[in-house]
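Below is the file final.csv, which contains CSV, C-alpha atoms.
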chain,number,residue,atom,x,y,z
A,8,MET,CA,-57.8,50.5,125.5
A,9,PRO,CA,-55.2,53.2,126.4
A,10,SER,CA,-56.3,56.9,126.7
A,11,LEU,CA,-54.6,59.5,124.6
A,12,ALA,CA,-52.6,60.6,127.7
A,13,GLU,CA,-51.0,57.1,127.8
A,14,ILE,CA,-49.9,57.0,124.2
A,15,LYS,CA,-46.1,57.3,124.0
A,16,THR,CA,-44.5,59.4,121.4
A,17,GLU,CA,-41.2,58.3,119.8
A,18,GLY,CA,-38.2,60.5,120.6
A,19,ASN,CA,-36.7,60.3,117.1
A,20,THR,CA,-37.2,62.6,114.2
A,21,LYS,CA,-38.4,61.2,110.9
A,22,VAL,CA,-38.2,63.9,108.2
A,23,LEU,CA,-38.5,64.2,104.5
A,24,LEU,CA,-36.6,67.1,103.1
A,25,ILE,CA,-37.7,68.3,99.6
A,26,GLY,CA,-35.7,70.9,97.7
A,27,ALA,CA,-33.7,71.9,94.7
A,28,PRO,CA,-30.0,70.9,94.3
A,29,GLY,CA,-27.8,73.2,96.4
A,30,ALA,CA,-30.6,74.1,98.8
A,31,GLY,CA,-28.8,72.6,101.8
A,32,LYS,CA,-30.6,69.2,102.3
A,33,THR,CA,-27.4,67.1,102.4
A,34,CYS,CA,-25.6,69.5,104.8
A,35,PHE,CA,-28.5,69.8,107.1
A,36,ALA,CA,-29.0,66.0,107.2
A,37,ALA,CA,-25.3,65.5,108.0
A,38,SER,CA,-25.6,67.7,111.1
A,39,PHE,CA,-28.1,65.4,112.8
A,40,PRO,CA,-26.9,63.5,116.0
A,41,GLY,CA,-24.3,60.9,115.3
A,42,PRO,CA,-23.1,58.4,114.7
A,43,ILE,CA,-24.8,58.7,111.3
A,44,LEU,CA,-25.1,56.2,108.6
A,45,PHE,CA,-25.2,58.1,105.3
A,46,LEU,CA,-26.6,56.2,102.4
A,47,ASP,CA,-25.3,58.2,99.4
A,48,PHE,CA,-27.3,57.3,96.2
A,49,ASP,CA,-26.6,60.7,94.7
A,50,ASN,CA,-22.8,60.6,94.9
A,51,LYS,CA,-22.9,64.1,96.3
A,52,VAL,CA,-22.1,63.7,100.0
A,53,ASP,CA,-18.8,65.5,99.3
A,54,SER,CA,-20.8,68.7,99.5
A,55,ALA,CA,-21.3,68.1,103.2
A,56,ALA,CA,-17.6,67.2,103.7
A,57,LEU,CA,-16.6,70.5,102.2
A,58,PHE,CA,-19.3,72.5,104.2
A,59,TYR,CA,-18.1,71.0,107.5
A,60,ARG,CA,-14.4,70.8,106.7
A,61,ASN,CA,-13.7,72.9,109.8
A,62,LYS,CA,-15.6,70.5,112.0
A,63,PRO,CA,-13.6,67.3,111.9
A,64,GLU,CA,-15.4,65.8,114.9
A,65,LEU,CA,-18.7,66.0,113.0
A,66,LEU,CA,-17.3,64.4,109.9
A,67,ALA,CA,-15.7,61.6,111.9
A,68,ASN,CA,-19.2,60.7,113.1
A,69,VAL,CA,-20.6,60.1,109.7
A,70,GLU,CA,-20.2,56.7,108.1
A,71,VAL,CA,-20.8,56.9,104.3
A,72,ARG,CA,-22.0,54.0,102.2
A,73,GLN,CA,-21.5,54.8,98.5
A,74,LEU,CA,-24.6,53.4,96.8
A,75,SER,CA,-24.6,55.3,93.5
A,76,GLY,CA,-24.2,53.4,90.2
A,77,SER,CA,-20.7,54.9,90.0
A,78,PHE,CA,-19.5,52.8,92.9
A,79,VAL,CA,-21.6,49.6,92.9
A,80,ALA,CA,-23.1,47.6,89.9
A,81,ASP,CA,-26.5,47.2,91.6
A,82,PRO,CA,-27.2,49.8,94.3
A,83,MET,CA,-30.4,48.1,95.4
A,84,ALA,CA,-28.7,44.8,95.9
A,85,ALA,CA,-26.2,46.5,98.1
A,86,PHE,CA,-29.0,48.3,100.0
A,87,ASN,CA,-31.0,45.1,100.5
A,88,LYS,CA,-27.9,43.4,101.9
A,89,LEU,CA,-27.4,46.3,104.4
A,90,VAL,CA,-31.0,46.1,105.5
A,91,ASN,CA,-31.0,42.3,106.0
A,92,ASP,CA,-27.5,41.9,107.4
A,93,GLU,CA,-27.3,45.1,109.6
A,94,LEU,CA,-30.4,47.1,110.1
A,95,ILE,CA,-33.0,44.4,110.8
A,96,PRO,CA,-30.7,42.5,113.3
A,97,GLN,CA,-30.0,45.8,115.1
A,98,GLN,CA,-33.7,46.6,115.2
A,99,ARG,CA,-34.5,43.2,116.6
A,100,SER,CA,-31.8,43.5,119.3
A,101,GLY,CA,-33.1,46.9,120.4
A,102,THR,CA,-29.7,48.5,119.9
A,103,MET,CA,-29.0,50.6,116.9
A,104,LYS,CA,-25.4,51.3,115.9
A,105,TRP,CA,-26.4,54.7,114.5
A,106,LYS,CA,-28.5,57.5,116.0
A,107,THR,CA,-29.4,58.8,112.5
A,108,ILE,CA,-29.8,57.2,109.1
A,109,VAL,CA,-29.8,59.5,106.0
A,110,LEU,CA,-31.0,58.4,102.6
A,111,ASP,CA,-29.8,60.9,99.9
A,112,SER,CA,-31.6,61.0,97.7
A,113,ILE,CA,-35.0,59.3,97.5
A,114,SER,CA,-35.0,60.5,93.9
A,115,ALA,CA,-31.9,58.5,92.9
A,116,PHE,CA,-33.0,55.6,95.2
A,117,SER,CA,-36.2,55.2,93.3
A,118,HIS,CA,-34.4,55.1,90.0
A,119,ALA,CA,-32.0,52.5,91.4
A,120,ALA,CA,-34.9,50.4,92.6
A,121,LEU,CA,-36.6,50.6,89.2
A,122,MET,CA,-33.4,49.5,87.4
A,123,HIS,CA,-33.1,46.6,89.9
A,124,ILE,CA,-36.6,45.5,89.2
A,125,LEU,CA,-35.9,45.7,85.4
A,126,GLN,CA,-32.7,43.6,85.7
A,127,THR,CA,-34.1,40.9,88.2
A,128,ASN,CA,-37.5,40.3,86.6
A,129,PRO,CA,-36.8,38.8,83.1
A,130,GLY,CA,-40.3,37.3,83.0
A,131,ILE,CA,-41.8,40.8,82.7
A,132,LYS,CA,-42.0,41.5,79.0
A,133,GLY,CA,-40.9,44.9,77.7
A,134,VAL,CA,-39.8,46.6,74.6
A,135,VAL,CA,-36.2,45.8,73.8
A,136,THR,CA,-34.1,48.5,72.0
A,137,ALA,CA,-30.5,48.8,71.0
A,138,GLN,CA,-29.9,50.4,74.4
A,139,GLY,CA,-31.5,47.6,76.3
A,140,LYS,CA,-34.9,46.6,77.7
A,141,MET,CA,-37.3,49.4,78.4
A,142,THR,CA,-39.5,49.6,81.5
A,143,ASP,CA,-43.3,49.2,81.2
A,144,GLN,CA,-46.3,49.6,83.5
A,145,THR,CA,-45.7,46.2,85.2
A,146,HIS,CA,-42.2,47.3,86.3
A,147,TYR,CA,-43.8,50.5,87.8
A,148,GLY,CA,-46.4,48.4,89.5
A,149,VAL,CA,-43.7,46.3,91.2
A,150,LEU,CA,-41.9,49.5,92.2
A,151,LEU,CA,-45.0,50.9,93.8
A,152,ARG,CA,-45.5,47.7,95.8
A,153,GLU,CA,-41.9,47.7,96.9
A,154,PHE,CA,-42.0,51.3,98.1
A,155,LYS,CA,-45.2,50.6,100.1
A,156,ARG,CA,-43.1,48.0,101.9
A,157,LEU,CA,-39.6,49.6,102.1
A,158,ILE,CA,-40.4,53.2,103.1
A,159,PRO,CA,-42.7,52.4,106.1
A,160,GLY,CA,-40.2,49.6,107.1
A,161,LEU,CA,-37.3,52.1,107.3
A,162,LEU,CA,-39.4,54.5,109.3
A,163,THR,CA,-39.9,51.9,112.0
A,164,LEU,CA,-36.2,51.9,112.8
A,165,PRO,CA,-35.6,53.3,116.3
A,166,CYS,CA,-33.4,56.2,115.2
A,167,ASN,CA,-33.6,59.5,113.4
A,168,ILE,CA,-34.4,59.0,109.7
A,169,VAL,CA,-33.7,61.8,107.2
A,170,MET,CA,-34.7,61.3,103.5
A,171,CYS,CA,-33.7,63.9,101.0
A,172,ALA,CA,-35.6,64.4,97.7
A,173,HIS,CA,-35.2,66.7,94.7
A,174,VAL,CA,-38.3,68.7,93.9
A,175,ASP,CA,-40.5,68.1,90.9
A,176,THR,CA,-42.9,70.7,89.5
A,177,TYR,CA,-45.6,70.1,87.0
A,178,LYS,CA,-49.2,71.1,86.0
A,179,SER,CA,-52.1,68.8,86.8
A,180,ASP,CA,-54.9,68.1,84.4
A,181,THR,CA,-56.9,70.8,86.1
A,182,GLY,CA,-54.2,73.4,85.7
A,183,GLN,CA,-53.0,73.3,89.3
A,184,ILE,CA,-49.2,73.6,89.8
A,185,ILE,CA,-48.1,70.6,91.8
A,186,ARG,CA,-44.7,70.5,93.7
A,187,GLU,CA,-43.6,67.2,95.2
A,188,ALA,CA,-40.7,64.8,95.7
A,189,SER,CA,-39.1,63.8,92.4
A,190,MET,CA,-39.2,60.1,92.0
A,191,ASP,CA,-39.7,57.3,89.4
A,192,GLY,CA,-43.2,56.0,89.6
A,193,SER,CA,-46.3,57.2,91.3
A,194,TYR,CA,-45.3,56.8,95.0
A,195,SER,CA,-44.2,60.5,95.1
A,196,GLN,CA,-47.8,61.5,95.9
A,197,LYS,CA,-47.9,59.0,98.8
A,198,LEU,CA,-44.4,59.5,100.2
A,199,PRO,CA,-45.1,62.6,102.4
A,200,GLN,CA,-48.0,60.7,104.0
A,201,ALA,CA,-45.4,58.3,105.6
A,202,PHE,CA,-43.7,61.2,107.5
A,203,LYS,CA,-44.7,63.2,110.4
A,204,GLU,CA,-42.3,65.9,109.2
A,205,CYS,CA,-42.1,67.0,105.6
A,206,TRP,CA,-40.3,70.2,104.8
A,207,TYR,CA,-39.3,72.3,101.8
A,208,VAL,CA,-35.7,73.4,102.0
A,209,TYR,CA,-34.6,76.5,100.0
A,210,VAL,CA,-32.1,79.3,99.8
A,211,ASP,CA,-33.3,82.9,100.0
A,212,ASN,CA,-31.8,85.9,98.0
A,213,LYS,CA,-29.4,86.6,100.9
A,214,GLY,CA,-27.9,83.1,100.7
A,215,GLN,CA,-29.5,81.9,103.9
A,216,ARG,CA,-30.9,78.4,104.0
A,217,TRP,CA,-34.4,77.8,105.3
A,218,ALA,CA,-36.9,75.0,106.0
A,219,GLN,CA,-40.6,75.6,105.4
A,220,THR,CA,-42.5,73.4,107.7
A,221,ARG,CA,-46.2,74.2,106.9
A,222,ALA,CA,-48.3,73.7,103.8
A,223,ASP,CA,-49.2,76.6,101.5
A,224,HIS,CA,-50.7,77.0,98.0
A,225,GLN,CA,-47.3,76.0,96.5
A,226,PHE,CA,-46.6,72.9,98.7
A,227,ALA,CA,-49.7,71.1,99.9
A,228,CYS,CA,-47.7,68.2,101.3
A,229,LEU,CA,-45.7,70.0,104.0
A,230,ARG,CA,-46.4,69.3,107.6
A,231,SER,CA,-44.8,69.3,111.1
A,232,GLN,CA,-45.9,67.9,114.5
A,233,ILE,CA,-43.1,69.6,116.5
A,234,PRO,CA,-44.7,72.1,118.9
A,235,GLY,CA,-43.5,75.6,118.4
A,236,LEU,CA,-41.4,74.9,115.3
A,237,PRO,CA,-41.6,78.1,113.2
A,238,THR,CA,-42.1,78.2,109.5
A,239,PRO,CA,-39.8,78.9,108.0
A,240,PHE,CA,-36.8,78.3,110.3
A,241,CYS,CA,-33.2,78.9,109.4
A,242,ILE,CA,-31.1,75.8,109.0
A,243,ASP,CA,-27.7,77.5,108.5
A,244,ASN,CA,-26.7,76.2,112.0
A,245,GLY,CA,-27.9,72.7,111.2
A,246,TYR,CA,-29.5,70.4,113.7
A,247,ALA,CA,-28.6,72.7,116.6
A,248,GLU,CA,-31.4,75.1,115.6
A,249,LEU,CA,-34.0,72.2,115.3
A,250,ALA,CA,-32.9,70.8,118.7
A,251,LYS,CA,-34.2,74.0,120.4
A,252,TYR,CA,-37.8,72.8,119.7
A,253,LEU,CA,-37.4,69.1,120.5
How does this structure look as structure tokens?
Amino acid sequence: MPSLAEIKTEGNTKVLLIGAPGAGKTCFAASFPGPILFLDFDNKVDSAALFYRNKPELLANVEVRQLSGSFVADPMAAFNKLVNDELIPQQRSGTMKWKTIVLDSISAFSHAALMHILQTNPGIKGVVTAQGKMTDQTHYGVLLREFKRLIPGLLTLPCNIVMCAHVDTYKSDTGQIIREASMDGSYSQKLPQAFKECWYVYVDNKGQRWAQTRADHQFACLRSQIPGLPTPFCIDNGYAELAKYL
């Protein structure tokens, strides 16, 4: 068996960014090394286009796939086709077309996955209303199973992976305030466990954008394995600031 000294560490960054809308998640993700494949489930990638309007070379390095319900009838069908036709063959060949893949947001992605499960599993019974068939616990069970397969699979791709998530805040049965990634289903509690890097992105009262990289009493799920990376660190300069510690 190999010793710890012989274990090789992957050179790519796999990070989950959690934060409120407008905190800078999308813009920070778009600054990662290119070429970038940007999977836009939120239909808000234009915020990055506006933020980097004076950096045309950066924008030219970002390939956007519009996967929101506003552009495609079934976002998950389009996503599955991308995975099967492009990402898996590239992984098997050992040559990725993109240095970074961004999924924005996991919150919208989870809803698209749930709706896909609802539409493609007519055998699962559910309450039917005037607005259509409603989801039930069986649909959520399928969603949990799919996420346990999809998320770890994406993280095996030999490139940087950035997933953005809105933040959800609620009180547990014991009265504890819980803050985690906003998602349909129960996988939100397990999602951070799949990542070596899980950060909370926020804007301070001076308008500066920061990434908190260590857990505290408010965010128990945060973590970082990058040596020397401070918490918080300013992300106004994008990936260039993170690269100092890699």
Closest-contact table, region 116-195 of chain A side, partner region 21-37 of chain A, 6 Å, counting only C-alpha atoms, as a Markdown table:
| residue | atom | partner | partner_atom | distance |
| --- | --- | --- | --- | --- |
| A:Asn167 | CA | A:Lys21 | CA | 5.7 |
| A:Ile168 | CA | A:Lys21 | CA | 4.7 |
| A:Val169 | CA | A:Val22 | CA | 5.1 |
| A:Met170 | CA | A:Leu23 | CA | 4.9 |
| A:Cys171 | CA | A:Leu24 | CA | 4.8 |
| A:Ala172 | CA | A:Ile25 | CA | 4.8 |
| A:His173 | CA | A:Gly26 | CA | 5.2 |
| A:Val174 | CA | A:Gly26 | CA | 5.1 |
Subject >> Two-atom distance - CA of Leu46 (chain A), CA of Val109 (chain A) (Å) >> reply: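 About the pair CA of Leu46 (chain A) and CA of Val109 (chain A): they are 5.8 Å apart.
CA of Trp105 (chain A) to CA of Ile43 (chain A) spans 5.4 Å [interatomic distance, one decimal].
Between CA of Phe39 (chain A) and CA of Ala247 (chain A) the interatomic distance comes to 8.2 Å.
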**OP:** Select all residues near (-33.7, 83.1, 110.5) (cut-off 12 Å, inclusive, file coordinates), counting only C-alpha atoms, and output them as a count of residues only.
**Re:** 20
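With distances taken from (-47.7, 69.6, 90.6) and restricted to all atoms listed in the file, the residues inside 12 Å are Val174, Asp175, Thr176, Tyr177, Lys178, Ser179, Asp180, Thr181, Gly182, Gln183, Ile184, Ile185, Arg186, Glu187, Ala188, Ser189, Ser195, Gln196, His224, Gln225, Phe226, Ala227 and Cys228 of chain A.
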**OP:** Could you check which of A:Arg230, A:Lys62, A:Arg221, A:Lys106 is closest to Pro199 (chain A), using all atoms listed in the file?
**Re:**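 The shortest atom-to-atom distance to Pro199 (chain A) comes from A:Arg230.
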Original post:
Nearest to Pro42 (chain A) among A:Ser75, A:Thr20, A:Thr107, A:Gln97, with distances taken over only C-alpha atoms: which residue is it?
Top reply: A:Thr107
Subject >> Among listed residues A:Cys205, A:Pro234, A:Glu153, A:Asp143, nearest Ala222 (chain A) (using all atoms listed in the file) >> reply: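 Among A:Cys205, A:Pro234, A:Glu153, A:Asp143, it is A:Cys205 that comes nearest to Ala222 (chain A).
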Original post:
Which neighbours of Asp47 (chain A) fall inside 8 Å, counting all atoms listed in the file, when residues of the same chain fewer than 3 positions from it are skipped, and could you give them as a ChimeraX atom specification?
Top reply: /A:50-52,71-75,110-112
Original post:
Taking only C-alpha atoms into account, which of A:Ala201, A:Leu121, A:Leu44, A:Ile113 comes nearest Lys155 (chain A)?
Top reply: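 Closest residue, counting only C-alpha atoms: A:Ala201.
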Put the listed atoms of region 116-120 of chain A in a box along x, y and z with 4 Å added on every side and give me the centre and edge lengths in Å to one decimal, as lines of an AutoDock Vina configuration file.
center_x = -34.1
center_y = 53.0
center_z = 92.6
size_x = 12.2
size_y = 13.2
size_z = 13.2
**OP:** Quick one: everything within 7 Å of Asp81 (chain A), counting all atoms listed in the file, minus sequence neighbours fewer than 4 positions away in the same chain. Send it as a ChimeraX atom specification.
**Re:** /A:76,85,123
Output C-alpha atoms for every residue in that selection, as a PDB file, keeping the file's coordinate frame.
ATOM      1  CA  GLY A  76     -24.200  53.400  90.200  1.00  0.00           C
ATOM      2  CA  ALA A  85     -26.200  46.500  98.100  1.00  0.00           C
ATOM      3  CA  HIS A 123     -33.100  46.600  89.900  1.00  0.00           C
TER       4      HIS A 123
END
